[in-house]
Each structure stands twice: as structure tokens, then as C-alpha cells.
file structure16.pdb (PDB, C-alpha atoms)
ATOM      1  CA  MET A   1      -1.343  16.669  -8.629  1.00  0.00           C
ATOM      2  CA  PRO A   2      -0.839  13.068  -9.829  1.00  0.00           C
ATOM      3  CA  ALA A   3      -3.858  11.287 -11.284  1.00  0.00           C
ATOM      4  CA  THR A   4      -3.896   8.896  -8.317  1.00  0.00           C
ATOM      5  CA  GLU A   5      -4.830  11.782  -6.035  1.00  0.00           C
ATOM      6  CA  ASN A   6      -7.852  13.117  -7.935  1.00  0.00           C
ATOM      7  CA  THR A   7     -10.269  14.537  -5.366  1.00  0.00           C
ATOM      8  CA  THR A   8     -13.402  13.912  -7.439  1.00  0.00           C
ATOM      9  CA  MET A   9     -12.822  10.188  -7.366  1.00  0.00           C
ATOM     10  CA  GLY A  10     -11.868   7.812  -4.609  1.00  0.00           C
ATOM     11  CA  ILE A  11      -9.299   5.084  -4.852  1.00  0.00           C
ATOM     12  CA  LEU A  12      -9.813   1.407  -4.180  1.00  0.00           C
ATOM     13  CA  THR A  13      -6.507  -0.040  -3.009  1.00  0.00           C
ATOM     14  CA  SER A  14      -5.502  -3.656  -2.570  1.00  0.00           C
ATOM     15  CA  ILE A  15      -2.137  -4.720  -1.228  1.00  0.00           C
ATOM     16  CA  ILE A  16      -1.297  -8.109  -2.700  1.00  0.00           C
ATOM     17  CA  ALA A  17       1.283 -10.793  -1.948  1.00  0.00           C
ATOM     18  CA  ALA A  18       2.451 -12.130  -5.311  1.00  0.00           C
ATOM     19  CA  GLU A  19       5.395 -13.120  -7.473  1.00  0.00           C
ATOM     20  CA  ASP A  20       7.261 -10.478  -9.505  1.00  0.00           C
ATOM     21  CA  HIS A  21       6.264 -12.172 -12.778  1.00  0.00           C
ATOM     22  CA  GLU A  22       2.556 -11.641 -11.921  1.00  0.00           C
ATOM     23  CA  ILE A  23       2.665  -7.816 -12.131  1.00  0.00           C
ATOM     24  CA  GLU A  24       0.774  -7.598 -15.450  1.00  0.00           C
ATOM     25  CA  ALA A  25      -1.897 -10.067 -14.285  1.00  0.00           C
ATOM     26  CA  ILE A  26      -2.383  -8.028 -11.097  1.00  0.00           C
ATOM     27  CA  GLY A  27      -2.739  -4.831 -13.129  1.00  0.00           C
ATOM     28  CA  GLU A  28      -5.317  -6.340 -15.464  1.00  0.00           C
ATOM     29  CA  SER A  29      -7.350  -7.953 -12.690  1.00  0.00           C
ATOM     30  CA  LEU A  30     -10.641  -6.299 -11.732  1.00  0.00           C
ATOM     31  CA  HIS A  31     -10.669  -8.062  -8.340  1.00  0.00           C
ATOM     32  CA  PRO A  32      -7.101  -9.039  -7.413  1.00  0.00           C
ATOM     33  CA  LEU A  33      -8.190 -10.337  -3.992  1.00  0.00           C
ATOM     34  CA  ASP A  34     -10.110 -13.084  -5.789  1.00  0.00           C
ATOM     35  CA  GLU A  35      -6.784 -14.374  -7.130  1.00  0.00           C
ATOM     36  CA  TRP A  36      -4.119 -13.414  -4.559  1.00  0.00           C
ATOM     37  CA  SER A  37      -3.817 -13.031  -0.807  1.00  0.00           C
ATOM     38  CA  GLY A  38      -4.151  -9.419   0.234  1.00  0.00           C
ATOM     39  CA  ILE A  39      -6.075  -6.677   1.954  1.00  0.00           C
ATOM     40  CA  GLU A  40      -8.383  -3.988   0.593  1.00  0.00           C
ATOM     41  CA  MET A  41      -8.656  -0.341   1.657  1.00  0.00           C
ATOM     42  CA  ARG A  42     -10.172   2.838   0.321  1.00  0.00           C
ATOM     43  CA  ASP A  43      -8.316   6.044  -0.449  1.00  0.00           C
ATOM     44  CA  VAL A  44      -4.809   4.778   0.255  1.00  0.00           C
ATOM     45  CA  ASP A  45      -2.838   6.614  -2.402  1.00  0.00           C
ATOM     46  CA  THR A  46       0.819   6.914  -3.342  1.00  0.00           C
ATOM     47  CA  ALA A  47       1.379   9.697  -0.783  1.00  0.00           C
ATOM     48  CA  LYS A  48       0.113   7.469   2.041  1.00  0.00           C
ATOM     49  CA  ILE A  49       2.308   4.586   0.857  1.00  0.00           C
ATOM     50  CA  ALA A  50       5.330   6.921   0.735  1.00  0.00           C
ATOM     51  CA  THR A  51       4.480   8.272   4.203  1.00  0.00           C
ATOM     52  CA  LEU A  52       4.364   4.724   5.576  1.00  0.00           C
ATOM     53  CA  HIS A  53       7.680   4.005   3.812  1.00  0.00           C
ATOM     54  CA  SER A  54       9.264   7.113   5.399  1.00  0.00           C
ATOM     55  CA  LEU A  55       8.119   6.218   8.906  1.00  0.00           C
ATOM     56  CA  LEU A  56       9.233   2.603   8.667  1.00  0.00           C
ATOM     57  CA  THR A  57      12.618   3.223   7.037  1.00  0.00           C
ATOM     58  CA  GLY A  58      13.610   6.742   8.074  1.00  0.00           C
ATOM     59  CA  ASP A  59      13.914   7.800   4.420  1.00  0.00           C
ATOM     60  CA  LEU A  60      12.858  11.337   3.535  1.00  0.00           C
ATOM     61  CA  PHE A  61       9.342  11.617   2.060  1.00  0.00           C
ATOM     62  CA  ASP A  62      10.672  12.990  -1.261  1.00  0.00           C
ATOM     63  CA  ASP A  63      13.060  10.038  -1.578  1.00  0.00           C
ATOM     64  CA  ALA A  64      10.277   7.601  -0.666  1.00  0.00           C
ATOM     65  CA  ILE A  65       7.717   9.004  -3.127  1.00  0.00           C
ATOM     66  CA  ALA A  66      10.297   8.789  -5.932  1.00  0.00           C
ATOM     67  CA  ARG A  67      10.456   5.013  -5.357  1.00  0.00           C
ATOM     68  CA  TYR A  68       6.746   4.511  -6.024  1.00  0.00           C
ATOM     69  CA  GLU A  69       6.401   5.042  -9.727  1.00  0.00           C
ATOM     70  CA  PRO A  70       3.929   2.497 -11.144  1.00  0.00           C
ATOM     71  CA  VAL A  71       5.505  -0.763 -12.286  1.00  0.00           C
ATOM     72  CA  TYR A  72       2.388  -1.401 -14.388  1.00  0.00           C
ATOM     73  CA  VAL A  73      -0.475   0.742 -15.682  1.00  0.00           C
ATOM     74  CA  SER A  74      -3.550  -0.910 -17.176  1.00  0.00           C
ATOM     75  CA  ALA A  75      -4.535   0.967 -20.328  1.00  0.00           C
ATOM     76  CA  ILE A  76      -7.993  -0.627 -20.299  1.00  0.00           C
ATOM     77  CA  GLU A  77      -8.902  -0.592 -16.608  1.00  0.00           C
ATOM     78  CA  GLY A  78      -6.931   2.409 -15.355  1.00  0.00           C
ATOM     79  CA  ALA A  79      -5.432   0.419 -12.494  1.00  0.00           C
ATOM     80  CA  LEU A  80      -1.910   1.148 -11.290  1.00  0.00           C
ATOM     81  CA  VAL A  81       0.437  -1.353  -9.694  1.00  0.00           C
ATOM     82  CA  LEU A  82       3.271  -0.289  -7.390  1.00  0.00           C
ATOM     83  CA  ARG A  83       5.844  -2.590  -5.812  1.00  0.00           C
ATOM     84  CA  LEU A  84       6.324  -2.033  -2.100  1.00  0.00           C
ATOM     85  CA  ALA A  85      10.017  -1.557  -1.344  1.00  0.00           C
ATOM     86  CA  ASP A  86      11.738  -4.636   0.075  1.00  0.00           C
ATOM     87  CA  GLU A  87      12.918  -2.730   3.168  1.00  0.00           C
ATOM     88  CA  VAL A  88       9.305  -1.705   3.942  1.00  0.00           C
ATOM     89  CA  MET A  89       8.211  -5.317   3.704  1.00  0.00           C
ATOM     90  CA  GLU A  90      11.106  -6.329   5.991  1.00  0.00           C
ATOM     91  CA  ARG A  91      10.066  -3.707   8.580  1.00  0.00           C
ATOM     92  CA  LEU A  92       6.434  -4.857   8.369  1.00  0.00           C
ATOM     93  CA  VAL A  93       7.539  -8.458   8.964  1.00  0.00           C
ATOM     94  CA  GLU A  94       9.359  -7.290  12.115  1.00  0.00           C
ATOM     95  CA  LEU A  95       6.516  -5.117  13.469  1.00  0.00           C
ATOM     96  CA  GLU A  96       5.274  -6.259  16.832  1.00  0.00           C
ATOM     97  CA  GLU A  97       2.280  -4.879  18.688  1.00  0.00           C
ATOM     98  CA  GLU A  98       4.033  -2.169  20.719  1.00  0.00           C
ATOM     99  CA  PRO A  99       6.057  -0.650  17.838  1.00  0.00           C
ATOM    100  CA  LEU A 100       2.983  -1.101  15.616  1.00  0.00           C
ATOM    101  CA  ASP A 101       0.977   1.158  17.946  1.00  0.00           C
ATOM    102  CA  GLN A 102       3.806   3.705  17.908  1.00  0.00           C
ATOM    103  CA  VAL A 103       3.922   3.703  14.078  1.00  0.00           C
ATOM    104  CA  ALA A 104       0.097   4.038  14.005  1.00  0.00           C
ATOM    105  CA  ALA A 105       0.269   7.093  16.287  1.00  0.00           C
ATOM    106  CA  GLU A 106       2.987   8.649  14.111  1.00  0.00           C
ATOM    107  CA  LEU A 107       1.035   7.960  10.896  1.00  0.00           C
ATOM    108  CA  ALA A 108      -2.162   9.393  12.403  1.00  0.00           C
ATOM    109  CA  ALA A 109      -0.262  12.646  13.035  1.00  0.00           C
ATOM    110  CA  THR A 110       0.924  12.998   9.409  1.00  0.00           C
ATOM    111  CA  GLU A 111      -0.813  15.388   7.040  1.00  0.00           C
ATOM    112  CA  GLU A 112      -1.718  12.554   4.629  1.00  0.00           C
ATOM    113  CA  PHE A 113      -3.657  10.611   7.250  1.00  0.00           C
ATOM    114  CA  GLU A 114      -4.785  13.407   9.590  1.00  0.00           C
ATOM    115  CA  SER A 115      -6.399  15.448   6.799  1.00  0.00           C
ATOM    116  CA  GLU A 116      -8.675  12.480   6.013  1.00  0.00           C
ATOM    117  CA  ASN A 117      -9.473  11.769   9.674  1.00  0.00           C
ATOM    118  CA  TRP A 118      -7.806   8.381   9.896  1.00  0.00           C
ATOM    119  CA  GLY A 119      -7.819   7.451  13.568  1.00  0.00           C
ATOM    120  CA  GLU A 120      -5.026   5.618  15.341  1.00  0.00           C
ATOM    121  CA  GLU A 121      -7.203   2.515  15.807  1.00  0.00           C
ATOM    122  CA  ALA A 122      -7.997   2.273  12.080  1.00  0.00           C
ATOM    123  CA  ILE A 123      -4.337   2.780  11.194  1.00  0.00           C
ATOM    124  CA  ALA A 124      -3.219   0.205  13.783  1.00  0.00           C
ATOM    125  CA  ALA A 125      -5.701  -2.316  12.327  1.00  0.00           C
ATOM    126  CA  MET A 126      -4.407  -1.627   8.802  1.00  0.00           C
ATOM    127  CA  LEU A 127      -0.778  -1.982   9.969  1.00  0.00           C
ATOM    128  CA  SER A 128      -1.576  -5.245  11.743  1.00  0.00           C
ATOM    129  CA  GLU A 129      -3.145  -6.654   8.559  1.00  0.00           C
ATOM    130  CA  LEU A 130      -0.197  -5.377   6.498  1.00  0.00           C
ATOM    131  CA  ALA A 131       2.315  -6.951   8.882  1.00  0.00           C
ATOM    132  CA  GLU A 132       0.464 -10.276   8.721  1.00  0.00           C
ATOM    133  CA  LEU A 133       0.378 -10.100   4.904  1.00  0.00           C
ATOM    134  CA  ALA A 134       4.095  -9.207   4.816  1.00  0.00           C
ATOM    135  CA  ARG A 135       4.900 -12.260   6.968  1.00  0.00           C
ATOM    136  CA  LEU A 136       2.849 -14.473   4.617  1.00  0.00           C
ATOM    137  CA  ALA A 137       4.581 -13.038   1.528  1.00  0.00           C
ATOM    138  CA  ASP A 138       7.999 -13.372   3.171  1.00  0.00           C
ATOM    139  CA  SER A 139       7.356 -17.012   4.070  1.00  0.00           C
ATOM    140  CA  GLN A 140       6.421 -17.750   0.437  1.00  0.00           C
ATOM    141  CA  GLY A 141       9.244 -15.760  -1.172  1.00  0.00           C
ATOM    142  CA  GLN A 142       6.803 -13.207  -2.589  1.00  0.00           C
ATOM    143  CA  ALA A 143       6.764  -9.406  -2.796  1.00  0.00           C
ATOM    144  CA  LEU A 144       4.002  -6.963  -1.849  1.00  0.00           C
ATOM    145  CA  PHE A 145       2.269  -5.023  -4.611  1.00  0.00           C
ATOM    146  CA  VAL A 146      -0.118  -2.105  -4.315  1.00  0.00           C
ATOM    147  CA  TRP A 147      -3.025  -2.228  -6.794  1.00  0.00           C
ATOM    148  CA  MET A 148      -4.876   1.093  -7.067  1.00  0.00           C
ATOM    149  CA  HIS A 149      -8.038   1.645  -9.052  1.00  0.00           C
ATOM    150  CA  PRO A 150     -10.029   4.879  -9.294  1.00  0.00           C
ATOM    151  CA  LEU A 151     -13.558   4.601  -7.937  1.00  0.00           C
ATOM    152  CA  ARG A 152     -16.274   6.399  -9.791  1.00  0.00           C
ATOM    153  CA  THR A 153     -18.113   7.942  -6.844  1.00  0.00           C
TER     154      THR A 153
END

call {"tool": "encode", "arguments": {"input": "structure16.pdb", "output": "C-alpha cells"}}
result
Amino acid sequence: MPATENTTMGILTSIIAAEDHEIEAIGESLHPLDEWSGIEMRDVDTAKIATLHSLLTGDLFDDAIARYEPVYVSAIEGALVLRLADEVMERLVELEEEPLDQVAAELAATEEFESENWGEEAIAAMLSELAELARLADSQGQALFVWMHPLRT
């Protein structure tokens, strides 16, 4: 099991709109939302990101998860930074309310989300925020990065 999925600790996840050259700064930040536009969630791990990728793009889960190796690992803080695939960001930019609800229902039925009791409403709210963030990043020529930090719970 990858370190990002340790069951004795939770994960604090922020999805950030930023420039590619800011990857190291994102990884070393203790509170990236103080410095960049983004959203914060708990317990969104690499498997959930890959599941979202699969649903939005049609890629197989194994192919999707292979695309989410960390682009930066903070040796001091233990934070990981992933870069959301461009095609996922493009699909998020295009998401409208009706397809968003359909994607939320499909995500809620996946093992990664169902096993942790994520409801469709919570997933739809997260997708709506992600789509809004993707549109902001797209309008500013930025990418979306996933900052994950283990919580000591």
C-alpha cells in the first residue's frame, strides 16, 4: 500500500491552481491555500484522484494511477505534489451541472468513494468547486496541482 494511503493517518489535500515553475514552492508550503487559489479536502488520496481521472477521461484505472506519481516530495514536511492531467482539467472546465451530477453519482458508486461513505451531494459539491477552480486556472494559463499532506490524527 503506498504511503499516501496509510490508514492510521488521514490526508489533508489541497488542489491548487498554479504555474508549473511553482511546484517546489507548493511542496514546501505548509498552507498552500494561503498563497494560491484552491480548495481543501480531507482524505482525497491518489486512488481517488485516479478514479476521478478514469471517470472523466475513460482511461482504465491502472493507466490513470500510473500518471499520478508525485512531481515533488518534500523531504522536510512529507507533503506530496501531483500534477492533475491536462485532459482532466479540460473535462472539469467543460463540466456543466447535469453531467456533473452524473459524474458525482458514478464516483459515489466506486469502491474508493463508497467505502468511505462519500455521498453524492458531497461529491457533487467537490466537483463543482473543482470545475470552478479548473476554469480559473484555464483562464490564467495555469495547471492544477494536488498537494497531499499526512495528518497526524

call {"tool": "resolve_selection", "arguments": {"input": "structure16.pdb", "expression": "the PyMOL selection byres ((chain A and resi 143) around 8)", "output": "list in words"}}
result
Ala17, Ala18, Glu19, Asp20, Arg83, Leu84, Asp86, Met89, Ala137, Asp138, Gly141, Gln142, Leu144 and Phe145 of chain A

call {"tool": "resolve_selection", "arguments": {"input": "structure16.pdb", "expression": "the PyMOL selection byres ((chain A and resi 56) around 10)", "output": "PyMOL selection string"}}
result
chain A and resi 50-55+57-59+87-92+95+103

call {"tool": "atom_distance", "arguments": {"input": "structure16.pdb", "atom1": "CA of Leu80 in chain A", "atom2": "CA of Met148 in chain A"}}
result
5.2 Å

call {"tool": "resolve_selection", "arguments": {"input": "structure16.pdb", "expression": "the PyMOL selection byres ((chain A and resi 29-44) around 6)", "output": "number ranges by chain"}}
result
A: 10-17, 26-28, 45, 48

call {"tool": "residues_around", "arguments": {"input": "structure16.pdb", "residues": "Trp118 in chain A", "least_positions_apart": "3", "cutoff": "12 Å", "atoms": "only C-alpha atoms", "output": "ChimeraX atom specification"}}
result
/A:42-44,48,104-115,121-126

call {"tool": "write_last_selection", "arguments": {"input": "structure16.pdb", "atoms": "C-alpha atoms", "output": "CSV table (one decimal), in the frame of the given file"}}
result
chain,number,residue,atom,x,y,z
A,42,ARG,CA,-10.2,2.8,0.3
A,43,ASP,CA,-8.3,6.0,-0.4
A,44,VAL,CA,-4.8,4.8,0.3
A,48,LYS,CA,0.1,7.5,2.0
A,104,ALA,CA,0.1,4.0,14.0
A,105,ALA,CA,0.3,7.1,16.3
A,106,GLU,CA,3.0,8.6,14.1
A,107,LEU,CA,1.0,8.0,10.9
A,108,ALA,CA,-2.2,9.4,12.4
A,109,ALA,CA,-0.3,12.6,13.0
A,110,THR,CA,0.9,13.0,9.4
A,111,GLU,CA,-0.8,15.4,7.0
A,112,GLU,CA,-1.7,12.6,4.6
A,113,PHE,CA,-3.7,10.6,7.2
A,114,GLU,CA,-4.8,13.4,9.6
A,115,SER,CA,-6.4,15.4,6.8
A,121,GLU,CA,-7.2,2.5,15.8
A,122,ALA,CA,-8.0,2.3,12.1
A,123,ILE,CA,-4.3,2.8,11.2
A,124,ALA,CA,-3.2,0.2,13.8
A,125,ALA,CA,-5.7,-2.3,12.3
A,126,MET,CA,-4.4,-1.6,8.8

call {"tool": "atom_distance", "arguments": {"input": "structure16.pdb", "atom1": "CA of Gly78 in chain A", "atom2": "CA of Trp147 in chain A"}}
result
10.5 Å

call {"tool": "atom_distance", "arguments": {"input": "structure16.pdb", "atom1": "CA of Arg135 in chain A", "atom2": "CA of Glu77 in chain A"}}
result
29.7 Å

call {"tool": "axis_aligned_box", "arguments": {"input": "structure16.pdb", "around": "range 96-105 of chain A", "padding_each_side": "5 Å", "output": "AutoDock Vina command-line options"}}
result
--center_x 3.1 --center_y 0.4 --center_z 17.4 --size_x 16.0 --size_y 23.4 --size_z 16.7
